[in-house]
Structures are given as C-alpha cells and as structure tokens.
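Participant: Take a look at query.cif, mmCIF, C-alpha atoms:
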data_run
loop_
_atom_site.label_atom_id
_atom_site.label_comp_id
_atom_site.auth_asym_id
_atom_site.auth_seq_id
_atom_site.Cartn_x
_atom_site.Cartn_y
_atom_site.Cartn_z
CA MET J 1 -24.57 -35.65 -16.03
CA ALA J 2 -22.56 -32.72 -14.75
CA LYS J 3 -19.02 -33.51 -13.64
CA GLU J 4 -18.64 -33.41 -9.86
CA PRO J 5 -16.31 -30.59 -8.80
CA LYS J 6 -13.01 -31.89 -7.51
CA GLN J 7 -12.53 -32.02 -3.76
CA LEU J 8 -9.65 -31.87 -1.31
CA ALA J 9 -9.48 -35.69 -1.48
CA ASP J 10 -8.79 -35.42 -5.23
CA LEU J 11 -6.14 -32.79 -4.64
CA PHE J 12 -4.49 -35.08 -2.09
CA HIS J 13 -4.55 -37.99 -4.54
CA ASP J 14 -3.24 -35.86 -7.44
CA THR J 15 -0.40 -34.47 -5.33
CA LEU J 16 0.48 -37.96 -4.14
CA LYS J 17 0.87 -38.99 -7.80
CA ASP J 18 3.02 -35.90 -8.41
CA ILE J 19 5.49 -36.69 -5.61
CA TYR J 20 5.49 -40.42 -6.45
CA PHE J 21 6.64 -39.52 -9.98
CA ALA J 22 9.15 -37.05 -8.52
CA GLU J 23 10.69 -39.58 -6.10
CA LYS J 24 11.16 -42.09 -8.93
CA LYS J 25 12.89 -39.45 -11.07
CA ILE J 26 15.12 -38.55 -8.12
CA LEU J 27 16.06 -42.24 -7.82
CA THR J 28 17.38 -42.16 -11.39
CA ALA J 29 19.22 -38.83 -10.87
CA LEU J 30 21.01 -39.60 -7.59
CA PRO J 31 23.48 -42.21 -8.96
CA LYS J 32 24.54 -39.70 -11.65
CA MET J 33 25.04 -37.01 -9.03
CA ALA J 34 27.01 -39.42 -6.83
CA LYS J 35 29.21 -40.33 -9.80
CA ALA J 36 29.85 -36.67 -10.62
CA ALA J 37 30.68 -35.64 -7.04
CA GLN J 38 34.33 -34.79 -6.43
CA SER J 39 34.48 -35.29 -2.68
CA GLU J 40 34.09 -38.66 -1.01
CA GLU J 41 31.73 -37.14 1.59
CA LEU J 42 29.35 -35.76 -1.01
CA ARG J 43 29.33 -39.04 -2.90
CA ALA J 44 28.52 -40.85 0.35
CA ALA J 45 25.75 -38.36 1.14
CA PHE J 46 24.11 -38.95 -2.24
CA GLN J 47 24.39 -42.72 -1.82
CA LYS J 48 22.84 -42.54 1.62
CA HIS J 49 19.98 -40.45 0.28
CA GLN J 50 19.48 -42.97 -2.54
CA ALA J 51 18.74 -45.72 0.00
CA GLU J 52 16.49 -43.34 1.95
CA THR J 53 14.59 -42.39 -1.20
CA GLU J 54 13.87 -46.07 -1.91
CA GLY J 55 12.23 -46.25 1.52
CA GLN J 56 10.27 -43.07 0.77
CA VAL J 57 8.87 -44.61 -2.42
CA GLU J 58 7.70 -47.62 -0.41
CA ARG J 59 6.08 -45.33 2.13
CA LEU J 60 4.20 -43.55 -0.66
CA GLU J 61 2.97 -46.94 -1.88
CA GLN J 62 1.61 -47.57 1.62
CA VAL J 63 -0.14 -44.19 1.54
CA PHE J 64 -1.81 -45.05 -1.78
CA GLU J 65 -2.98 -48.29 -0.18
CA GLU J 66 -4.32 -46.37 2.84
CA ILE J 67 -6.59 -44.31 0.59
CA GLY J 68 -7.62 -47.36 -1.46
CA GLU J 69 -5.77 -46.36 -4.62
CA LYS J 70 -3.15 -48.04 -6.79
CA PRO J 71 0.32 -46.41 -6.73
CA GLN J 72 0.54 -44.31 -9.86
CA GLY J 73 2.73 -41.41 -10.98
CA LYS J 74 1.76 -38.27 -12.84
CA THR J 75 4.29 -36.15 -14.70
CA CYS J 76 5.72 -33.57 -12.31
CA ASP J 77 7.00 -30.61 -14.32
CA ALA J 78 8.57 -29.08 -11.24
CA ILE J 79 10.97 -31.92 -10.52
CA MET J 80 11.82 -32.25 -14.22
CA GLY J 81 12.83 -28.59 -14.26
CA ILE J 82 14.78 -28.82 -11.00
CA LEU J 83 16.66 -31.92 -12.16
CA ASP J 84 17.36 -30.35 -15.57
CA GLU J 85 19.12 -27.52 -13.75
CA GLY J 86 21.19 -30.11 -11.90
CA LYS J 87 22.18 -31.73 -15.19
CA GLU J 88 23.17 -28.34 -16.55
CA ILE J 89 25.48 -27.82 -13.54
CA MET J 90 27.07 -31.24 -14.10
CA ASP J 91 27.78 -30.34 -17.74
CA GLU J 92 28.88 -26.74 -17.29
CA TYR J 93 31.00 -27.29 -14.17
CA LYS J 94 32.58 -30.62 -15.12
CA GLY J 95 36.20 -30.43 -14.02
CA SER J 96 35.60 -27.15 -12.15
CA PRO J 97 36.58 -26.87 -8.49
CA ALA J 98 33.11 -25.37 -7.93
CA LEU J 99 31.32 -28.52 -9.16
CA ASP J 100 30.52 -29.90 -5.70
CA ALA J 101 29.12 -26.56 -4.53
CA GLY J 102 26.85 -26.61 -7.60
CA LEU J 103 25.78 -30.21 -7.02
CA LEU J 104 24.97 -29.40 -3.41
CA ALA J 105 22.84 -26.43 -4.47
CA ALA J 106 20.98 -28.62 -6.97
CA ALA J 107 20.36 -31.29 -4.34
CA GLN J 108 19.07 -28.68 -1.88
CA ALA J 109 16.61 -27.38 -4.48
CA VAL J 110 15.31 -30.95 -4.79
CA GLU J 111 15.02 -31.28 -1.00
CA HIS J 112 13.11 -28.04 -0.69
CA TYR J 113 10.64 -29.11 -3.35
CA GLU J 114 10.04 -32.30 -1.41
CA ILE J 115 9.77 -30.47 1.91
CA SER J 116 7.05 -28.23 0.48
CA ARG J 117 5.14 -31.18 -1.02
CA TYR J 118 5.34 -33.42 2.06
CA GLY J 119 4.43 -30.51 4.34
CA THR J 120 1.32 -29.89 2.25
CA LEU J 121 0.43 -33.59 2.04
CA CYS J 122 0.77 -33.99 5.83
CA ALA J 123 -1.64 -31.12 6.45
CA TRP J 124 -4.14 -32.49 3.94
CA ALA J 125 -3.89 -36.04 5.32
CA GLU J 126 -4.73 -34.68 8.74
CA ALA J 127 -7.67 -32.62 7.47
CA LEU J 128 -9.00 -35.66 5.60
CA GLY J 129 -8.68 -37.89 8.66
CA HIS J 130 -6.02 -40.19 7.17
CA ALA J 131 -4.09 -40.66 10.40
CA LYS J 132 -1.86 -43.52 9.20
CA ALA J 133 -1.03 -41.69 5.96
CA LYS J 134 -0.18 -38.57 7.95
CA THR J 135 2.30 -40.52 10.09
CA LEU J 136 3.97 -42.05 7.03
CA LEU J 137 4.23 -38.70 5.22
CA GLY J 138 5.51 -37.06 8.40
CA GLU J 139 8.32 -39.62 8.65
CA THR J 140 9.46 -38.76 5.15
CA LEU J 141 9.14 -35.03 5.85
CA ASP J 142 11.47 -35.42 8.84
CA GLU J 143 13.99 -37.30 6.68
CA GLU J 144 13.94 -34.64 3.96
CA GLU J 145 14.51 -31.88 6.50
CA ALA J 146 17.41 -33.79 8.04
CA THR J 147 18.92 -34.38 4.57
CA ASP J 148 18.64 -30.68 3.74
CA GLU J 149 20.44 -29.82 6.98
CA ALA J 150 23.20 -32.36 6.31
CA LEU J 151 23.65 -30.93 2.81
CA SER J 152 23.90 -27.40 4.25
CA GLU J 153 26.75 -28.54 6.49
CA LEU J 154 28.55 -30.23 3.60
CA ALA J 155 28.03 -27.09 1.52
CA GLU J 156 29.72 -24.96 4.18
CA SER J 157 32.86 -27.06 4.06
CA ALA J 158 32.79 -27.48 0.26
CA ILE J 159 32.56 -23.76 -0.44
CA ASN J 160 35.14 -22.88 2.17
CA GLN J 161 37.65 -25.23 0.59
CA GLN J 162 36.82 -23.89 -2.84
CA ALA J 163 37.04 -20.24 -1.80
CA GLN J 164 40.38 -20.88 -0.11
CA ALA J 165 41.71 -22.60 -3.24
CA GLU J 166 40.63 -19.61 -5.34
CA ALA J 167 42.22 -17.15 -2.92
CA ALA J 168 45.51 -19.11 -3.00
CA GLU J 169 45.73 -18.96 -6.80
CA MET F 1 44.11 -21.08 -25.46
CA ALA F 2 42.45 -23.50 -23.06
CA LYS F 3 39.21 -22.34 -21.49
CA GLU F 4 39.62 -21.41 -17.81
CA PRO F 5 37.63 -23.76 -15.60
CA LYS F 6 34.67 -22.07 -14.02
CA GLN F 7 34.99 -20.94 -10.41
CA LEU F 8 32.69 -20.35 -7.45
CA ALA F 9 32.36 -16.72 -8.57
CA ASP F 10 30.92 -17.94 -11.89
CA LEU F 11 28.53 -20.25 -10.08
CA PHE F 12 27.39 -17.33 -7.93
CA HIS F 13 26.84 -15.17 -11.01
CA ASP F 14 25.01 -17.96 -12.92
CA THR F 15 22.72 -18.66 -9.97
CA LEU F 16 22.01 -14.96 -9.58
CA LYS F 17 20.82 -14.91 -13.21
CA ASP F 18 18.69 -17.97 -12.52
CA ILE F 19 16.84 -16.42 -9.57
CA TYR F 20 16.55 -13.04 -11.34
CA PHE F 21 14.73 -14.80 -14.18
CA ALA F 22 12.65 -16.73 -11.63
CA GLU F 23 11.57 -13.61 -9.70
CA LYS F 24 10.46 -11.94 -12.91
CA LYS F 25 8.39 -14.99 -13.87
CA ILE F 26 6.87 -15.01 -10.40
CA LEU F 27 5.90 -11.36 -10.88
CA THR F 28 3.84 -12.33 -13.94
CA ALA F 29 2.28 -15.36 -12.20
CA LEU F 30 1.19 -13.70 -8.93
CA PRO F 31 -1.58 -11.48 -10.38
CA LYS F 32 -3.12 -14.57 -12.02
CA MET F 33 -2.98 -16.46 -8.76
CA ALA F 34 -4.51 -13.50 -6.90
CA LYS F 35 -7.31 -13.33 -9.45
CA ALA F 36 -8.00 -17.06 -9.15
CA ALA F 37 -8.02 -17.08 -5.32
CA GLN F 38 -11.44 -17.64 -3.77
CA SER F 39 -10.81 -16.18 -0.34
CA GLU F 40 -10.17 -12.53 0.29
CA GLU F 41 -7.26 -13.37 2.63
CA LEU F 42 -5.46 -15.45 0.04
CA ARG F 43 -5.94 -12.77 -2.61
CA ALA F 44 -4.51 -10.20 -0.18
CA ALA F 45 -1.56 -12.48 0.61
CA PHE F 46 -0.70 -12.83 -3.07
CA GLN F 47 -0.99 -9.07 -3.60
CA LYS F 48 1.26 -8.38 -0.63
CA HIS F 49 3.82 -10.85 -1.96
CA GLN F 50 3.65 -9.18 -5.37
CA ALA F 51 4.82 -5.88 -3.85
CA GLU F 52 7.50 -7.72 -1.87
CA THR F 53 8.71 -9.52 -4.99
CA GLU F 54 9.17 -6.18 -6.76
CA GLY F 55 11.49 -5.15 -3.93
CA GLN F 56 13.35 -8.46 -4.22
CA VAL F 57 13.98 -7.86 -7.93
CA GLU F 58 15.45 -4.47 -7.05
CA ARG F 59 17.65 -6.07 -4.40
CA LEU F 60 18.94 -8.54 -6.97
CA GLU F 61 19.80 -5.64 -9.25
CA GLN F 62 21.85 -4.15 -6.42
CA VAL F 63 23.63 -7.49 -5.97
CA PHE F 64 24.53 -7.56 -9.67
CA GLU F 65 25.91 -4.06 -9.25
CA GLU F 66 27.91 -5.15 -6.18
CA ILE F 67 29.72 -7.80 -8.26
CA GLY F 68 30.20 -5.44 -11.19
CA GLU F 69 27.76 -7.16 -13.52
CA LYS F 70 24.71 -6.06 -15.46
CA PRO F 71 21.37 -7.51 -14.24
CA GLN F 72 20.56 -10.34 -16.59
CA GLY F 73 18.27 -13.36 -16.43
CA LYS F 74 18.92 -16.92 -17.58
CA THR F 75 16.10 -19.38 -18.25
CA CYS F 76 15.30 -21.18 -15.02
CA ASP F 77 13.71 -24.53 -15.87
CA ALA F 78 12.89 -25.15 -12.23
CA ILE F 79 10.60 -22.15 -11.80
CA MET F 80 8.98 -22.79 -15.20
CA GLY F 81 8.10 -26.31 -14.04
CA ILE F 82 6.87 -25.16 -10.64
CA LEU F 83 4.70 -22.42 -12.15
CA ASP F 84 3.34 -24.82 -14.79
CA GLU F 85 2.08 -27.01 -11.98
CA GLY F 86 0.38 -23.98 -10.47
CA LYS F 87 -1.34 -23.24 -13.80
CA GLU F 88 -2.51 -26.85 -13.97
CA ILE F 89 -4.10 -26.49 -10.52
CA MET F 90 -5.87 -23.29 -11.61
CA ASP F 91 -7.31 -25.11 -14.64
CA GLU F 92 -8.19 -28.42 -13.05
CA TYR F 93 -9.62 -27.01 -9.82
CA LYS F 94 -11.46 -24.01 -11.23
CA GLY F 95 -14.77 -23.81 -9.38
CA SER F 96 -13.69 -26.47 -6.91
CA PRO F 97 -13.87 -25.75 -3.18
CA ALA F 98 -10.31 -27.15 -2.99
CA LEU F 99 -8.90 -24.50 -5.33
CA ASP F 100 -7.44 -22.28 -2.61
CA ALA F 101 -5.72 -25.24 -0.94
CA GLY F 102 -4.14 -26.07 -4.32
CA LEU F 103 -3.09 -22.46 -4.94
CA LEU F 104 -1.50 -22.32 -1.50
CA ALA F 105 0.43 -25.52 -2.16
CA ALA F 106 1.65 -24.12 -5.49
CA ALA F 107 2.75 -20.89 -3.83
CA GLN F 108 4.60 -22.78 -1.11
CA ALA F 109 6.49 -24.80 -3.73
CA VAL F 110 7.60 -21.46 -5.23
CA GLU F 111 8.65 -20.15 -1.82
CA HIS F 112 10.68 -23.26 -1.07
CA TYR F 113 12.50 -23.00 -4.38
CA GLU F 114 13.41 -19.43 -3.52
CA ILE F 115 14.43 -20.33 0.04
CA SER F 116 16.84 -22.94 -1.30
CA ARG F 117 18.32 -20.55 -3.88
CA TYR F 118 18.71 -17.58 -1.53
CA GLY F 119 20.15 -19.82 1.19
CA THR F 120 22.77 -21.03 -1.27
CA LEU F 121 23.49 -17.56 -2.61
CA CYS F 122 23.94 -16.16 0.92
CA ALA F 123 26.51 -18.85 1.74
CA TRP F 124 28.38 -18.24 -1.50
CA ALA F 125 28.32 -14.44 -1.09
CA GLU F 126 29.90 -14.89 2.33
CA ALA F 127 32.57 -17.29 1.04
CA LEU F 128 33.39 -14.89 -1.79
CA GLY F 129 33.66 -11.93 0.57
CA HIS F 130 30.68 -10.03 -0.86
CA ALA F 131 29.46 -8.68 2.47
CA LYS F 132 26.94 -6.18 1.07
CA ALA F 133 25.52 -8.76 -1.33
CA LYS F 134 25.19 -11.23 1.52
CA THR F 135 23.17 -8.72 3.55
CA LEU F 136 20.83 -8.00 0.63
CA LEU F 137 20.31 -11.69 -0.15
CA GLY F 138 19.76 -12.41 3.53
CA GLU F 139 17.00 -9.78 3.70
CA THR F 140 15.18 -11.51 0.86
CA LEU F 141 15.74 -14.94 2.42
CA ASP F 142 14.08 -13.71 5.63
CA GLU F 143 11.12 -12.38 3.64
CA GLU F 144 10.67 -15.65 1.74
CA GLU F 145 10.73 -17.64 4.98
CA ALA F 146 8.16 -15.31 6.56
CA THR F 147 5.95 -15.62 3.46
CA ASP F 148 6.15 -19.41 3.57
CA GLU F 149 5.09 -19.34 7.22
CA ALA F 150 2.19 -16.99 6.53
CA LEU F 151 1.05 -19.27 3.68
CA SER F 152 1.22 -22.28 6.01
CA GLU F 153 -1.12 -20.52 8.44
CA LEU F 154 -3.54 -19.59 5.66
CA ALA F 155 -3.38 -23.18 4.41
CA GLU F 156 -4.41 -24.50 7.82
CA SER F 157 -7.56 -22.43 7.84
CA ALA F 158 -8.33 -23.01 4.14
CA ILE F 159 -8.13 -26.79 4.37
CA ASN F 160 -10.06 -26.91 7.62
CA GLN F 161 -12.94 -24.98 6.09
CA GLN F 162 -12.83 -27.21 3.02
CA ALA F 163 -12.69 -30.45 4.99
CA GLN F 164 -15.63 -29.31 7.14
CA ALA F 165 -17.64 -28.46 4.04
CA GLU F 166 -16.93 -31.91 2.59
CA ALA F 167 -17.85 -33.63 5.84
CA ALA F 168 -21.15 -31.71 5.98
CA GLU F 169 -22.21 -32.87 2.51
#
Any chance you could give the structure as structure tokens?

Facilitator:
Amino acid sequence: MAKEPKQLADLFHDTLKDIYFAEKKILTALPKMAKAAQSEELRAAFQKHQAETEGQVERLEQVFEEIGEKPQGKTCDAIMGILDEGKEIMDEYKGSPALDAGLLAAAQAVEHYEISRYGTLCAWAEALGHAKAKTLLGETLDEEEATDEALSELAESAINQQAQAEAAE
Amino acid sequence: MAKEPKQLADLFHDTLKDIYFAEKKILTALPKMAKAAQSEELRAAFQKHQAETEGQVERLEQVFEEIGEKPQGKTCDAIMGILDEGKEIMDEYKGSPALDAGLLAAAQAVEHYEISRYGTLCAWAEALGHAKAKTLLGETLDEEEATDEALSELAESAINQQAQAEAAE
C-alpha cells in the first residue's frame, strides 16, 4: 500500500509537537536566565514569563485535545540552537556589565521564534476549520507579542545604563 | 593580568559575527528552498530574497568596517537549528500538497530570527554612537520585516488553496 502523502493537517500536528517541545525547553531555561539576570526588573520579567509559559503549555494541551491527539513533543532543533546561544551569553558575559543586554537579546530571539510559530499555527488552524484551537493559539500569540514589546522596553533602559557606565569609565 | 570584563561593544561585535554567519548560511539554503517550492510565486519570492540577502551581507561588511573590524563569522547555533527544521520539512513533505505551506513557515522562522537580531543590533549601535552602522542595520531590518509580511500574504493564499483541495477530496 502506498503511503498517503502528508496533508496540511499533518503539518499542523507536527508543528504543534515542535512548539510543545520548545515551550517545555523554555520552561527549563527561564529560571536559569532569571538567576543570571543582574537587574531586579529583568529577573521579574523572566519570572512573569515563566508563569505565562506554564499557561501556554496548558493551552497547547487543549489544542491537542481539540484535534483529537495526545499532547506529545518532537525535538525542535531551532529552540535548542536559540537556547544554546543564550547559554553561551550567560557563560561569556558572566560578571560583565553587558550581561543583561545579552540576556534580553537571547530572550527576544526566543520570543520571535514563538511569534513566527504561533502566527503560522493560527493561520493553519483557521484554514483547517479548528475555530477553538485558533482562539487558543491566538491568545498565546498576543502574549508573546506583548512579552517581546516589554523586553524591548527593558532593553532600552538596560543598554542606556550600560552605555553610560562605559562612557563614564 | 586580569582579563577585562566584556562590554556592550564586545556584545555588539559578537552578535554581528553571529548574524554574518547566519546570513551566509541563509544564502546557501535559499536556492534549495526555491528549487523545492511548488508554486511559481513562492519560487520567485525565494529568488528575490536571495538577491536581497546578498545586499544584506554587503551591508554587514560595511558595519564591520565602521567599527574597525574585519568581517568574520561565528557559528550561529540558532540559524543552524532553524535551517535544519526547514530541511526536515523538505524531506518529510516532498510531494505533499502541504509542502509550500511548510516551506513558508520555515522561511518565516528565519525572518523572525533575523528581525530579532537586527532589532537588537540597531538598538546597540545607537547606544554605542555608531550612527552609520545603525542606519545600515535599520535598512536591513526594514527589508526583513517587509519580507516577513510578503511571506505571510503568500502563506494565506497557499494554505487556502491547500485546504480547499483537501476539502474537495
């Protein structure tokens, strides 16, 4: 029997597994990033996003249920690579006044990966007629965009402080 | 002699090397994605972005020059992971009517990585007083955002066609 060619529904399911794996990895990375952060505000931002990410994992589990599948992850090379770069920053910039700027950049790379994935998943959910799944994914997309914006604002103040400190040396 | 702690200027330089490496990897990936694309429009979009990416590499070389450094890449795990996922899609969805939707999603993940990096680099260039570098990086940021938008529009029409084909089966 010839194998059926994969369809958009399979692509949706595969990508759901990809982001489910990614979110769980992010949940293990965030406490390390919070611990490494120098400023109280950045630590608080990472802690807030940790709680939000837990909710996003639950939402993904609801989406799996909506399409009649069991929640399951699939290795996501992209998030592994993005988080590896974050680890590298934590090692190389430990004790550096530029550490927070680096952590913020790493966190924004994570957010942008998620924004691209949730944007795609929302469009596919709509095309496939999964209205409830689309709403759930859209809620997470909104959260990720808001987080990215909040990180941008923190980055502005972090780099300004850092640049001023360097100029005063 | 104690090692000087790294500064924002080092972070800027390191991240410049990261995206320089990434752009060059993207240049090798785009022709493969163009070849795999099923629709003429998607192939044309990848080819257009190939030419644009060549210009972005040149701009990065000018930025290196602006900060008195030689253009040099540094392995970027993030882009390797993102492009690996794209390769996986090309393999797993070869011959599938959902291939273009998958290629578009992969390309948008690449764009979002670049948007996050160029956004960060622009902010750092400004903080460090590299006005010319900021302008160059900002030009590329605008291009990446426009590309992401164009891909979103293509994605809409690709998935609609695909979903209609599936519904008609």

Participant: Would you mind listing, for every residue of segment 8-122 of chain F within 7 Å of segment 143-162 of chain F, the two atoms forming the shortest contact and the distance between them in Å to one decimal, using only C-alpha atoms, sorted by chain and ascending residue number, as CSV?

Facilitator:
residue,atom,partner,partner_atom,distance
F:Pro97,CA,F:Gln162,CA,6.5
F:Ala98,CA,F:Gln162,CA,6.5
F:Asp100,CA,F:Ala158,CA,6.8
F:Ala101,CA,F:Ile159,CA,6.0
F:Leu104,CA,F:Ala155,CA,6.3
F:Gln108,CA,F:Asp148,CA,6.0
F:Glu111,CA,F:Asp148,CA,6.0
F:Ile115,CA,F:Glu144,CA,6.2

Participant: Which one of F:Ile82, F:Leu16, F:Ala37, F:Val57 sits closest to chain J if you count only C-alpha atoms?

Facilitator: F:Ile82

Participant: Kindly resolve the PyMOL selection byres ((chain F) within 8 of (chain J)) on the present coordinates and return the residues as a compact mmCIF listing (two decimals) with C-alpha atoms, in the frame of the given file.

Facilitator:
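For reference, result00.txt as written:
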# COMPACT_ATOMS: atom_id res chain seq x y z
CA PRO F 5 37.63 -23.76 -15.60
CA LYS F 6 34.67 -22.07 -14.02
CA GLN F 7 34.99 -20.94 -10.41
CA LEU F 8 32.69 -20.35 -7.45
CA LEU F 11 28.53 -20.25 -10.08
CA CYS F 76 15.30 -21.18 -15.02
CA ASP F 77 13.71 -24.53 -15.87
CA ALA F 78 12.89 -25.15 -12.23
CA ILE F 79 10.60 -22.15 -11.80
CA MET F 80 8.98 -22.79 -15.20
CA GLY F 81 8.10 -26.31 -14.04
CA ILE F 82 6.87 -25.16 -10.64
CA LEU F 83 4.70 -22.42 -12.15
CA ASP F 84 3.34 -24.82 -14.79
CA GLU F 85 2.08 -27.01 -11.98
CA TYR F 93 -9.62 -27.01 -9.82
CA GLY F 95 -14.77 -23.81 -9.38
CA SER F 96 -13.69 -26.47 -6.91
CA PRO F 97 -13.87 -25.75 -3.18
CA ALA F 98 -10.31 -27.15 -2.99
CA ALA F 101 -5.72 -25.24 -0.94
CA GLY F 102 -4.14 -26.07 -4.32
CA ALA F 105 0.43 -25.52 -2.16
CA GLN F 108 4.60 -22.78 -1.11
CA ALA F 109 6.49 -24.80 -3.73
CA HIS F 112 10.68 -23.26 -1.07
CA TYR F 113 12.50 -23.00 -4.38
CA ILE F 115 14.43 -20.33 0.04
CA SER F 116 16.84 -22.94 -1.30
CA ARG F 117 18.32 -20.55 -3.88
CA THR F 120 22.77 -21.03 -1.27
CA ALA F 123 26.51 -18.85 1.74
CA TRP F 124 28.38 -18.24 -1.50
CA ALA F 127 32.57 -17.29 1.04
CA LEU F 128 33.39 -14.89 -1.79
CA GLU F 156 -4.41 -24.50 7.82
CA ILE F 159 -8.13 -26.79 4.37
CA ASN F 160 -10.06 -26.91 7.62
CA GLN F 162 -12.83 -27.21 3.02
CA ALA F 163 -12.69 -30.45 4.99
CA GLU F 166 -16.93 -31.91 2.59

Participant: Take atom CA of Phe64 of chain J and atom CA of Ala133 of chain J and report the distance between them in Å, one decimal.

Facilitator: 8.5 Å

Participant: Determine the nearest neighbour of Thr135 of chain F from the options F:Ala29, F:Leu60, F:Leu103, F:Met90, counting all atoms listed in the file.

Facilitator: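 Of all the options, F:Leu60 lies closest to Thr135 of chain F.
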
Participant: Distance atom CA of Glu54 of chain F-atom CA of Glu139 of chain F, one decimal place?

Facilitator: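 Separation between atom CA of Glu54 of chain F and atom CA of Glu139 of chain F: 13.6 Å.
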
Participant: Please compute the atom CA of His130 of chain J-atom CA of Glu66 of chain J distance, one decimal, in Å.

Facilitator: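 Pair atom CA of His130 of chain J / atom CA of Glu66 of chain J returns 7.7 Å.
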
Participant: What's the 9 Å shell around Phe46 of chain J, counting all atoms listed in the file, without same-chain residues fewer than 2 positions away, as number ranges by chain?

Facilitator: J: 30-31, 33-34, 37, 41-44, 48-51, 107

Participant: Which residue, F:Leu141, F:Ala131, F:Arg59, F:Glu88, has the smallest gap to Tyr20 of chain F when you use all atoms listed in the file?

Facilitator: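 Using all atoms listed in the file, Tyr20 of chain F sits closest to F:Arg59.
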
Participant: Find the smallest box with edges along x, y and z containing every listed atom of segment 59-65 of chain F, then add 6 Å on each side and report centre and edge lengths in Å to one decimal, as AutoDock Vina command-line options.

Facilitator:
--center_x 21.8 --center_y -6.3 --center_z -7.0 --size_x 20.3 --size_y 16.5 --size_z 17.3

Participant: For Ile26 of chain F, which of F:Gln38, F:Gln72, F:Thr53, F:Thr140 is the closest residue, counting all atoms listed in the file?

Facilitator: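 The closest residue to Ile26 of chain F is F:Thr53.
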